[in-house]
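A short worksheet on the structure shown next.
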Amino acid sequence: MLTCAEVTELVTSYLEGQMAWRRRMAFRLHLGMCKHCRAYLRQMKSTVKVLGRVPADPIPPELRDDLARRLVAMRKKDG
Amino acid sequence: MNGSERVRADDGALVARLIAGEARAFGELVDRFHARMVRLAMGFVADRGAAEEVVQDTWLVVMTGLEGFEGRSSLGTWIFRILANRARTRAVRERRTVPFSALGDGAEDGDSGLGARFDGVGHWSTPPRAWSEEDPERVCLRREAMEVLGRAMDALPANQRLVVMLRDVEGLESDEVCNILEVSETNQRVLLHRARTKLRTALEEHLG
Ligand SMILES: [Zn+2]
């Protein structure tokens, strides 16, 4: 029987599909009985999805065109 | 959107247009990657100026090496690998201690921060708080939540930040992350786990 503390330590292995089946069964059994760990897993999945949507600070438009031109020049110098 | 940097069907087409010298393709390449390259470079080197130099070095290697892109990984993964190598080369040249020299064991930061939330037999004593919003799309629309997340990312040890950046923010596969950062599969997972644990806690403090 896994404890809640163990479930939170195993959650990444679980989400990464890196858990042996016996472990996985124990993990799921715990989830079936523990709403706190279900909430934890759900929030962890949300966190990962939110991270996948974090935008990078965009490049200013004037630098963008200048950089694109420099990249063209790098190609020409090479060729 | 970043999210999933899987092999993309149009990567090969974009590279072909670049090789053909089509001016517009260079603008598209900059739009798709430059900001993300700067963000990733910031994970390797201390300051913005150094990060931008690493990105410039990377662009030069990418431009002179386009013919070597074989499409076995996504274009993004290929570029990020070059960037990581440039950042390492620079660190060696400047003999600076860099974050990923600590990537070796990842054990220096063993506290997930959750310990205090369990009782003596490992049951929740302070259970996860319900979030006012769990839908990722809607969490992303909350400026404050995203700022909280950004600050929590900044506060991560550099090795954890690099792993979570490549894996979750950029959406690379774990074997690609291991390859780029030169860490073992196990270490990668440990670092990813610690980072995700802290980032969930940060969101909980804001949304819970
Ligand atoms: Zn539990």
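Residues are named by chain letter and number: chains run A, B, ... in the order of the structure tokens, numbers start at 1 in each chain, and ligands are numbered from 1 in the order shown.
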Write out as a ChimeraX atom specification all residues of stretch 21-133 of chain B that DSSP puts in alpha helix (DSSP H) for this structure's backbone. /B:23-44,48-64,75-93
Residues up to 7 Å from ligand 1, counting only C-alpha atoms and all ligand atoms: could you list those as number ranges by chain? A: 3-4, 7, 30-31, 34-37; B: 123-124
Could the residues in this selection be written to a file with N, CA and C atoms, as a short mmCIF file (atom, residue, chain, number, x, y, z; two decimals), in the first residue's frame?
```cif
data_model
loop_
_atom_site.label_atom_id
_atom_site.label_comp_id
_atom_site.auth_asym_id
_atom_site.auth_seq_id
_atom_site.Cartn_x
_atom_site.Cartn_y
_atom_site.Cartn_z
N THR A 3 1.73 5.22 0.41
CA THR A 3 1.24 6.36 1.18
C THR A 3 1.06 7.56 0.24
N CYS A 4 0.37 8.59 0.72
CA CYS A 4 0.19 9.81 -0.08
C CYS A 4 1.55 10.44 -0.40
N VAL A 7 3.02 8.60 -3.21
CA VAL A 7 2.34 8.91 -4.47
C VAL A 7 2.86 10.22 -5.06
N HIS A 30 -4.30 3.41 -5.03
CA HIS A 30 -4.30 4.52 -4.07
C HIS A 30 -5.17 5.67 -4.58
N LEU A 31 -5.00 6.01 -5.86
CA LEU A 31 -5.79 7.11 -6.43
C LEU A 31 -7.29 6.83 -6.30
N CYS A 34 -8.23 7.83 -2.74
CA CYS A 34 -7.74 9.05 -2.09
C CYS A 34 -8.01 10.27 -2.96
N LYS A 35 -9.00 11.06 -2.56
CA LYS A 35 -9.37 12.21 -3.40
C LYS A 35 -8.28 13.29 -3.37
N HIS A 36 -7.51 13.36 -2.27
CA HIS A 36 -6.44 14.36 -2.22
C HIS A 36 -5.36 14.07 -3.26
N CYS A 37 -5.00 12.81 -3.37
CA CYS A 37 -3.98 12.45 -4.36
C CYS A 37 -4.54 12.57 -5.79
N HIS B 123 0.38 10.31 5.28
CA HIS B 123 -0.91 10.81 4.77
C HIS B 123 -0.92 12.33 4.78
N TRP B 124 -1.70 12.91 3.88
CA TRP B 124 -1.78 14.37 3.82
C TRP B 124 -2.24 14.93 5.17
#
```
Between atom CA of B:Arg196 and atom CA of A:Lys45 - distance in Å to one decimal: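 These two atoms are separated by 9.6 Å.
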Taking only C-alpha atoms into account and nothing else, which residues of chain B lie no more than 6 Å away from chain A? Please answer as an mmCIF file with N, CA and C atoms, in the first residue's frame.
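For reference, part08.cif as written:
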```cif
data_model
loop_
_atom_site.group_PDB
_atom_site.id
_atom_site.type_symbol
_atom_site.label_atom_id
_atom_site.label_comp_id
_atom_site.auth_asym_id
_atom_site.auth_seq_id
_atom_site.Cartn_x
_atom_site.Cartn_y
_atom_site.Cartn_z
ATOM 1 N N GLY B 3 4.713 24.289 -26.856
ATOM 2 C CA GLY B 3 4.074 23.032 -26.508
ATOM 3 C C GLY B 3 4.784 21.810 -27.028
ATOM 4 N N PHE B 26 13.494 33.209 -44.042
ATOM 5 C CA PHE B 26 14.374 33.617 -42.935
ATOM 6 C C PHE B 26 13.583 34.352 -41.862
ATOM 7 N N GLY B 27 12.636 35.168 -42.288
ATOM 8 C CA GLY B 27 11.753 35.843 -41.337
ATOM 9 C C GLY B 27 10.924 34.838 -40.548
ATOM 10 N N ALA B 35 13.007 34.018 -30.192
ATOM 11 C CA ALA B 35 12.616 34.315 -28.813
ATOM 12 C C ALA B 35 12.814 33.093 -27.914
ATOM 13 N N ARG B 36 12.502 31.929 -28.460
ATOM 14 C CA ARG B 36 12.662 30.699 -27.664
ATOM 15 C C ARG B 36 14.137 30.384 -27.446
ATOM 16 N N MET B 63 23.051 28.559 -39.736
ATOM 17 C CA MET B 63 23.060 29.037 -41.122
ATOM 18 C C MET B 63 24.109 28.322 -41.966
ATOM 19 N N GLY B 122 2.701 9.371 6.445
ATOM 20 C CA GLY B 122 2.691 9.675 5.020
ATOM 21 C C GLY B 122 1.328 10.014 4.434
ATOM 22 N N HIS B 123 0.381 10.313 5.281
ATOM 23 C CA HIS B 123 -0.907 10.805 4.774
ATOM 24 C C HIS B 123 -0.915 12.331 4.781
ATOM 25 N N PRO B 127 -3.693 18.822 2.834
ATOM 26 C CA PRO B 127 -3.952 18.319 1.481
ATOM 27 C C PRO B 127 -3.881 19.416 0.426
ATOM 28 N N PRO B 136 -6.077 24.352 -18.102
ATOM 29 C CA PRO B 136 -4.810 25.003 -18.500
ATOM 30 C C PRO B 136 -5.023 26.214 -19.404
ATOM 31 N N ASP B 168 8.905 20.439 -20.757
ATOM 32 C CA ASP B 168 7.503 20.861 -20.630
ATOM 33 C C ASP B 168 7.189 22.143 -21.394
ATOM 34 N N VAL B 169 8.080 23.117 -21.334
ATOM 35 C CA VAL B 169 7.793 24.373 -22.035
ATOM 36 C C VAL B 169 7.985 24.183 -23.537
ATOM 37 N N HIS B 193 11.048 16.075 -11.955
ATOM 38 C CA HIS B 193 10.102 15.877 -10.855
ATOM 39 C C HIS B 193 10.179 17.013 -9.835
ATOM 40 N N ARG B 200 4.001 23.291 -9.369
ATOM 41 C CA ARG B 200 2.607 23.048 -8.969
ATOM 42 C C ARG B 200 2.306 23.768 -7.660
#
```
Which polymer residues have any atom within 7 Å of an atom of B:Val54, counting only C-alpha atoms, with same-chain residues fewer than 2 positions away left out, as an NGL selection string? :B and (41 or 50-52 or 56-58 or 83 or 86-87)
To one decimal place in Å, what is the distance between atom CA of B:Phe33 and atom CA of B:Ile79?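 The value is 8.5 Å.
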